[in-house]
$ cat data-v6.csv   # CSV, C-alpha atoms and all ligand atoms
chain,number,residue,atom,x,y,z
J,26,MET,CA,32.8,12.6,6.1
J,27,ASP,CA,31.5,15.2,8.5
J,28,THR,CA,27.9,16.5,8.4
J,29,LEU,CA,28.6,19.7,6.5
J,30,GLU,CA,30.6,17.9,3.8
J,31,ALA,CA,27.8,15.3,3.5
J,32,ILE,CA,25.2,18.2,3.0
J,33,ARG,CA,27.4,19.9,0.5
J,34,THR,CA,28.3,16.9,-1.6
J,35,ARG,CA,25.1,14.9,-1.6
J,36,ARG,CA,23.5,14.8,-5.1
J,37,SER,CA,20.4,13.0,-6.4
J,38,VAL,CA,21.6,9.7,-7.9
J,39,ARG,CA,19.5,8.1,-10.7
J,40,LYS,CA,22.0,5.6,-12.1
J,41,PHE,CA,23.1,2.6,-10.1
J,42,SER,CA,25.5,-0.2,-10.5
J,43,ASP,CA,24.3,-3.7,-9.7
J,44,ARG,CA,26.7,-4.0,-6.8
J,45,PRO,CA,24.5,-5.2,-3.9
J,46,VAL,CA,24.0,-3.0,-0.8
J,47,GLU,CA,25.6,-4.6,2.2
J,48,PRO,CA,23.1,-5.4,5.0
J,49,GLU,CA,25.1,-3.3,7.5
J,50,LYS,CA,24.9,-0.3,5.2
J,51,LEU,CA,21.2,-0.6,4.8
J,52,GLN,CA,21.0,-0.9,8.5
J,53,ALA,CA,23.0,2.3,9.0
J,54,VAL,CA,20.6,4.1,6.7
J,55,LEU,CA,17.5,2.8,8.5
J,56,GLU,CA,19.1,3.7,11.9
J,57,ALA,CA,19.6,7.3,10.6
J,58,VAL,CA,15.9,7.6,9.9
J,59,GLN,CA,15.1,6.2,13.3
J,60,MET,CA,17.0,9.0,15.0
J,61,ALA,CA,15.2,11.9,13.2
J,62,PRO,CA,13.4,14.5,15.3
J,63,SER,CA,9.5,14.4,15.0
J,64,TRP,CA,6.4,16.1,16.3
J,65,ALA,CA,6.2,15.3,20.1
J,66,ASN,CA,8.6,12.4,19.3
J,67,MET,CA,5.6,10.5,17.8
J,68,GLN,CA,7.7,9.1,15.0
J,69,CYS,CA,4.9,8.9,12.5
J,70,TRP,CA,7.1,7.5,9.8
J,71,ARG,CA,7.0,4.0,8.4
J,72,PHE,CA,9.2,2.4,5.8
J,73,VAL,CA,8.8,-0.5,3.4
J,74,VAL,CA,12.1,-1.9,2.1
J,75,VAL,CA,11.8,-3.6,-1.2
J,76,GLU,CA,14.5,-5.8,-2.8
J,77,ASP,CA,12.4,-8.1,-5.0
J,78,PRO,CA,13.1,-7.4,-8.7
J,79,ASP,CA,9.5,-7.9,-9.8
J,80,MET,CA,8.2,-5.6,-7.1
J,81,LYS,CA,10.8,-2.9,-7.9
J,82,ALA,CA,9.8,-3.1,-11.6
J,83,LYS,CA,6.1,-2.6,-10.7
J,84,ILE,CA,7.1,0.4,-8.4
J,85,SER,CA,9.1,1.8,-11.3
J,86,GLU,CA,6.0,1.7,-13.6
J,87,LEU,CA,3.9,3.4,-11.0
J,88,SER,CA,6.4,6.4,-10.9
J,89,TYR,CA,5.2,7.6,-14.2
J,90,VAL,CA,2.0,9.6,-13.6
J,91,GLU,CA,0.8,10.8,-17.0
J,92,ALA,CA,-1.4,13.5,-15.7
J,93,TYR,CA,1.6,15.1,-14.0
J,94,PHE,CA,4.4,14.5,-16.5
J,95,ALA,CA,2.7,14.7,-20.0
J,96,PRO,CA,1.7,18.4,-19.7
J,97,LYS,CA,5.3,19.2,-18.7
J,98,GLY,CA,6.6,17.4,-21.8
J,99,TYR,CA,8.3,14.7,-19.9
J,100,LYS,CA,8.3,11.2,-21.4
J,101,SER,CA,8.9,9.6,-18.0
J,102,ASN,CA,9.7,10.2,-14.4
J,103,PRO,CA,13.5,10.9,-14.5
J,104,SER,CA,13.9,8.3,-11.8
J,105,ARG,CA,11.7,5.6,-13.4
J,106,LYS,CA,14.6,3.4,-14.4
J,107,ALA,CA,16.5,4.0,-11.2
J,108,LEU,CA,13.6,2.5,-9.2
J,109,ALA,CA,13.8,-0.8,-11.2
J,110,GLU,CA,17.6,-0.9,-11.3
J,111,ALA,CA,18.7,0.1,-7.8
J,112,PRO,CA,19.2,-3.0,-5.6
J,113,VAL,CA,16.9,-1.5,-2.9
J,114,VAL,CA,13.9,0.7,-2.9
J,115,ILE,CA,12.8,2.3,0.3
J,116,VAL,CA,9.2,3.5,0.4
J,117,ALA,CA,8.7,6.2,3.0
J,118,CYS,CA,5.3,6.6,4.5
J,119,GLY,CA,3.7,8.7,7.2
J,120,VAL,CA,0.7,8.2,9.5
J,121,PRO,CA,-1.0,11.6,9.6
J,122,THR,CA,-2.9,10.9,12.8
J,123,ASP,CA,0.5,10.2,14.6
J,124,SER,CA,1.7,13.8,14.1
J,125,GLY,CA,0.7,17.4,14.5
J,126,ASP,CA,-2.2,19.0,12.6
J,127,LEU,CA,-2.1,22.7,13.5
J,128,ARG,CA,-2.9,25.9,11.7
J,129,GLY,CA,-3.9,23.8,8.8
J,130,GLN,CA,-0.4,22.4,8.5
J,131,GLN,CA,0.0,18.6,8.5
J,132,TYR,CA,3.3,17.9,10.3
J,133,TYR,CA,3.6,14.3,9.2
J,134,LEU,CA,5.1,15.6,6.0
J,135,THR,CA,7.7,17.5,8.0
J,136,ASP,CA,8.5,14.5,10.1
J,137,VAL,CA,8.9,12.2,7.1
J,138,GLY,CA,10.8,14.9,5.3
J,139,ILE,CA,13.3,15.2,8.0
J,140,ALA,CA,13.7,11.5,8.4
J,141,THR,CA,14.2,11.1,4.7
J,142,GLU,CA,16.8,13.8,4.6
J,143,ASN,CA,18.6,11.7,7.2
J,144,LEU,CA,18.2,8.8,4.9
J,145,MET,CA,19.7,10.6,2.0
J,146,LEU,CA,22.6,12.0,4.0
J,147,ALA,CA,23.4,8.7,5.7
J,148,ALA,CA,23.3,6.9,2.3
J,149,HIS,CA,25.8,9.4,0.9
J,150,ALA,CA,28.0,9.2,4.0
J,151,VAL,CA,28.4,5.4,3.6
J,152,GLY,CA,29.1,5.7,-0.1
J,153,LEU,CA,25.6,4.9,-1.5
J,154,GLY,CA,23.4,7.1,-3.5
J,155,THR,CA,19.6,7.8,-3.6
J,156,VAL,CA,17.0,10.3,-4.8
J,157,PHE,CA,13.8,11.5,-3.4
J,158,VAL,CA,11.0,10.4,-5.9
J,159,GLY,CA,7.8,12.3,-5.0
J,160,VAL,CA,5.8,11.6,-8.1
J,161,PHE,CA,4.0,8.2,-8.2
J,162,ASP,CA,0.5,6.7,-8.3
J,163,GLU,CA,-0.1,6.5,-4.6
J,164,GLU,CA,-3.3,4.5,-4.8
J,165,ASN,CA,-2.0,1.7,-6.9
J,166,LEU,CA,1.3,1.7,-5.0
J,167,GLY,CA,-0.6,1.3,-1.8
J,168,TYR,CA,-2.5,-1.7,-3.2
J,169,LEU,CA,0.8,-3.2,-4.5
J,170,LEU,CA,2.5,-3.0,-1.1
J,171,ASP,CA,-0.6,-3.6,1.1
J,172,ILE,CA,-0.2,-0.2,2.7
J,173,PRO,CA,-3.3,0.6,4.8
J,174,PRO,CA,-5.4,3.4,3.3
J,175,GLU,CA,-5.0,5.7,6.3
J,176,VAL,CA,-1.2,5.7,5.8
J,177,ARG,CA,0.2,8.2,3.2
J,178,ILE,CA,3.1,7.4,0.9
J,179,VAL,CA,5.4,10.4,0.9
J,180,GLY,CA,8.5,9.3,-1.2
J,181,LEU,CA,10.3,6.5,-2.9
J,182,PHE,CA,14.1,6.1,-2.5
J,183,PRO,CA,16.0,3.9,-4.9
J,184,LEU,CA,19.2,3.0,-3.0
J,185,GLY,CA,22.5,1.6,-4.3
J,186,TYR,CA,26.0,2.3,-5.4
J,187,PRO,CA,26.2,5.2,-7.9
J,188,GLN,CA,27.2,4.1,-11.4
J,189,GLU,CA,28.7,7.5,-12.1
J,190,GLU,CA,29.9,10.6,-10.4
J,191,PRO,CA,26.9,12.9,-10.3
J,192,LYS,CA,27.4,16.2,-12.1
J,193,GLY,CA,27.6,19.4,-10.1
J,194,ALA,CA,24.8,20.7,-8.0
J,195,PRO,CA,21.8,22.1,-9.9
J,196,PRO,CA,21.7,25.8,-9.3
J,197,ARG,CA,20.5,27.1,-6.0
J,198,LYS,CA,18.8,30.4,-5.2
J,199,SER,CA,21.3,32.9,-3.6
J,200,LEU,CA,21.1,33.4,0.1
J,201,ASP,CA,19.9,37.0,-0.6
J,202,GLU,CA,16.8,35.5,-2.3
J,203,ILE,CA,15.9,33.2,0.5
J,204,VAL,CA,17.1,34.8,3.8
J,205,HIS,CA,15.8,37.9,5.5
J,206,TYR,CA,17.5,39.4,8.5
J,207,GLU,CA,15.6,40.7,11.5
J,208,LYS,CA,12.4,41.2,9.4
J,209,TRP,CA,11.0,40.2,6.1
J,210,LYS,CA,12.1,42.8,3.6
J,211,GLY,CA,10.9,43.4,0.0
F,1,LIG,C1,9.8,16.3,-2.5
F,1,LIG,C2,10.7,15.9,-3.7
F,1,LIG,C3,10.2,15.2,-4.8
F,1,LIG,C4,11.0,14.9,-5.8
F,1,LIG,N1,10.5,14.1,-6.8
F,1,LIG,C5,11.3,13.6,-7.8
F,1,LIG,C6,10.8,12.7,-8.8
F,1,LIG,O1,9.6,12.4,-8.8
F,1,LIG,N2,11.7,12.3,-9.8
F,1,LIG,C7,13.0,12.7,-9.8
F,1,LIG,O2,13.8,12.2,-10.6
F,1,LIG,N3,13.5,13.5,-8.8
F,1,LIG,C8,12.7,14.0,-7.9
F,1,LIG,N4,13.2,14.8,-6.9
F,1,LIG,C9,14.7,15.2,-6.9
F,1,LIG,C10,14.9,16.7,-7.2
F,1,LIG,O3,14.7,16.9,-8.6
F,1,LIG,C11,16.3,17.1,-6.8
F,1,LIG,O4,16.5,17.0,-5.4
F,1,LIG,C12,16.6,18.6,-7.2
F,1,LIG,O5,16.7,18.7,-8.6
F,1,LIG,C13,18.0,19.0,-6.6
F,1,LIG,O6,19.0,18.2,-7.1
F,1,LIG,P1,20.0,17.5,-6.0
F,1,LIG,O7,19.2,16.5,-5.2
F,1,LIG,O8,21.1,16.7,-6.8
F,1,LIG,O9,20.6,18.6,-5.1
F,1,LIG,C14,12.4,15.2,-5.8
F,1,LIG,C15,12.9,15.9,-4.7
F,1,LIG,C16,12.1,16.2,-3.6
F,1,LIG,C17,12.7,16.9,-2.4
$ encode --input "data-v6.csv" --output "structure tokens" --more "lines below"
Ligand SMILES: Cc1cc2nc3c(=O)[nH]c(=O)nc-3n(C[C@H](O)[C@H](O)[C@H](O)COP(=O)(O)O)c2cc1C
Amino acid sequence: MDTLEAIRTRRSVRKFSDRPVEPEKLQAVLEAVQMAPSWANMQCWRFVVVEDPDMKAKISELSYVEAYFAPKGYKSNPSRKALAEAPVVIVACGVPTDSGDLRGQQYYLTDVGIATENLMLAAHAVGLGTVFVGVFDEENLGYLLDIPPEVRIVGLFPLGYPQEEPKGAPPRKSLDEIVHYEKWKG
């Protein structure tokens, strides 16, 4: 699969089979994050790979944040079950002091965002599926995984073989809505 095809066909996967992830495929995904570009090549990202079923179940529980979901009418995080059922969960973290902080923009989020896009595309390219889960109880997840308080948790990635073909892509804004040529117009 070439890069453009991977970008075009990747979808968020929230249902996984119990087929284990081969160590070499997990390694390929981790090597893809390692190669991402980053602020001054400081590589502020850190990852926790979780395969223990009890730990995955606890992570899954911490992905339901009532204060976020209840006002939106959601009963759960749409990826709550996925976090418990996927064979692997990758917890993506960033060290803010190991990246740029300029014009009020904290570039650790950019660094980890780029690395995790590599993660998602590499997973897809080797036949696996995943989804970026950005809603979770960061404080309690940090305690659960012994993540130091100065390290921020950016996203959770259940990883495994998709149980079903994901449906078509959710709608995207048209290029007219998101691209300006030469100068910002409108
Ligand atoms: C920063 C970020 C946070 C997200 N958080 C969640 C989440 O908490 N739960 C979930 O089920 N999906 C989450 N998603 C997945 C998006 O809903 C999904 O990417 C979007 O609907 C587009 O679908 P696609 O990935 O299949 O193209 C998140 C995606 C991003 C990039």
$ residues_near_ligand --input "data-v6.csv" --ligand "ligand LIG 1 (chain F)" --cutoff "6 Å" --atoms "all atoms listed in the file" --output "short mmCIF file (atom, residue, chain, number, x, y, z; two decimals) with C-alpha atoms, in the frame of the given file"
data_model
loop_
_atom_site.label_atom_id
_atom_site.label_comp_id
_atom_site.auth_asym_id
_atom_site.auth_seq_id
_atom_site.Cartn_x
_atom_site.Cartn_y
_atom_site.Cartn_z
CA ARG J 36 23.50 14.80 -5.10
CA SER J 37 20.40 13.00 -6.40
CA ASN J 102 9.70 10.20 -14.40
CA PRO J 103 13.50 10.90 -14.50
CA SER J 104 13.90 8.30 -11.80
CA VAL J 156 17.00 10.30 -4.80
CA PHE J 157 13.80 11.50 -3.40
CA VAL J 158 11.00 10.40 -5.90
CA GLY J 159 7.80 12.30 -5.00
CA VAL J 160 5.80 11.60 -8.10
CA ALA J 194 24.80 20.70 -8.00
CA PRO J 195 21.80 22.10 -9.90
#
$ closest_residue --input "data-v6.csv" --among "J:Ile139, J:Ala61, J:Ala53, J:Leu170" --to "Val74 of chain J" --atoms "all atoms listed in the file"
J:Leu170
$ closest_residue --input "data-v6.csv" --among "J:Val38, J:Val58, J:Val120, J:Val114" --to "Glu76 of chain J" --atoms "only C-alpha atoms"
J:Val114
$ residues_around --input "data-v6.csv" --residues "Gln131 of chain J" --least-positions-apart "6" --cutoff "10 Å" --atoms "all atoms listed in the file" --output "VMD selection string"
chain J and resid 121 to 122 124 to 125
$ closest_residue --input "data-v6.csv" --among "J:Leu166, J:Val54, J:Val176, J:Val46" --to "Ser88 of chain J" --atoms "all atoms listed in the file"
J:Leu166
$ residues_near_point --input "data-v6.csv" --point "(28.2, 6.6, 5.5)" --cutoff "9 Å" --atoms "only C-alpha atoms" --output "count of residues only"
13
$ atom_distance --input "data-v6.csv" --atom1 "atom CA of Phe41 of chain J" --atom2 "atom CA of Gly180 of chain J"
18.4 Å
$ residues_around --input "data-v6.csv" --residues "Lys83 of chain J" --least-positions-apart "6" --cutoff "10 Å" --atoms "only C-alpha atoms" --output "PyMOL selection string"
chain J and resi 108-109+165-166+169
$ closest_residue --input "data-v6.csv" --among "J:Ala140, J:Ile172, J:Ile32, J:Leu181" --to "Leu87 of chain J" --atoms "all atoms listed in the file"
J:Leu181
$ closest_residue --input "data-v6.csv" --among "J:Gln68, J:Gln188, J:Ser85, J:Thr28" --to "Thr135 of chain J" --atoms "only C-alpha atoms"
J:Gln68
$ closest_residue --input "data-v6.csv" --among "J:Glu163, J:Asp43, J:Glu91, J:Glu30" --to "Cys118 of chain J" --atoms "only C-alpha atoms"
J:Glu163
$ residues_around --input "data-v6.csv" --residues "Lys106 of chain J" --least-positions-apart "6" --cutoff "9 Å" --atoms "all atoms listed in the file" --output "list in words"
Arg39, Lys40, Ala82, Ser85 and Glu86 of chain J
$ build_atoms --input "data-v6.csv" --residues "segment 129-146 of chain J" --atoms "N, CA and C atoms" --output "compact mmCIF listing (two decimals), in the frame of the given file"
# COMPACT_ATOMS: atom_id res chain seq x y z
N GLY J 129 -3.73 24.31 10.12
CA GLY J 129 -3.90 23.80 8.80
C GLY J 129 -2.64 23.16 8.19
N GLN J 130 -1.62 22.99 9.03
CA GLN J 130 -0.40 22.40 8.50
C GLN J 130 -0.27 20.96 9.07
N GLN J 131 -0.06 20.04 8.15
CA GLN J 131 0.00 18.60 8.50
C GLN J 131 1.50 18.28 8.72
N TYR J 132 1.90 18.10 9.96
CA TYR J 132 3.30 17.90 10.30
C TYR J 132 3.88 16.55 9.97
N TYR J 133 3.02 15.61 9.57
CA TYR J 133 3.60 14.30 9.20
C TYR J 133 4.52 14.44 7.99
N LEU J 134 4.19 15.41 7.12
CA LEU J 134 5.10 15.60 6.00
C LEU J 134 6.42 16.17 6.40
N THR J 135 6.41 17.01 7.42
CA THR J 135 7.70 17.50 8.00
C THR J 135 8.46 16.38 8.60
N ASP J 136 7.77 15.59 9.42
CA ASP J 136 8.50 14.50 10.10
C ASP J 136 9.11 13.53 9.08
N VAL J 137 8.33 13.14 8.09
CA VAL J 137 8.90 12.20 7.10
C VAL J 137 9.94 12.87 6.26
N GLY J 138 9.75 14.18 6.01
CA GLY J 138 10.80 14.90 5.30
C GLY J 138 12.10 14.95 5.98
N ILE J 139 12.05 15.19 7.28
CA ILE J 139 13.30 15.20 8.00
C ILE J 139 13.95 13.84 8.07
N ALA J 140 13.12 12.83 8.32
CA ALA J 140 13.70 11.50 8.40
C ALA J 140 14.30 11.06 7.05
N THR J 141 13.67 11.49 5.95
CA THR J 141 14.20 11.10 4.70
C THR J 141 15.43 11.89 4.26
N GLU J 142 15.55 13.09 4.80
CA GLU J 142 16.80 13.80 4.60
C GLU J 142 17.94 13.06 5.34
N ASN J 143 17.63 12.59 6.56
CA ASN J 143 18.60 11.70 7.20
C ASN J 143 18.98 10.53 6.38
N LEU J 144 17.94 9.94 5.77
CA LEU J 144 18.20 8.80 4.90
C LEU J 144 19.16 9.11 3.78
N MET J 145 18.89 10.24 3.11
CA MET J 145 19.70 10.60 2.00
C MET J 145 21.15 10.94 2.39
N LEU J 146 21.29 11.66 3.51
CA LEU J 146 22.60 12.00 4.00
C LEU J 146 23.40 10.80 4.47
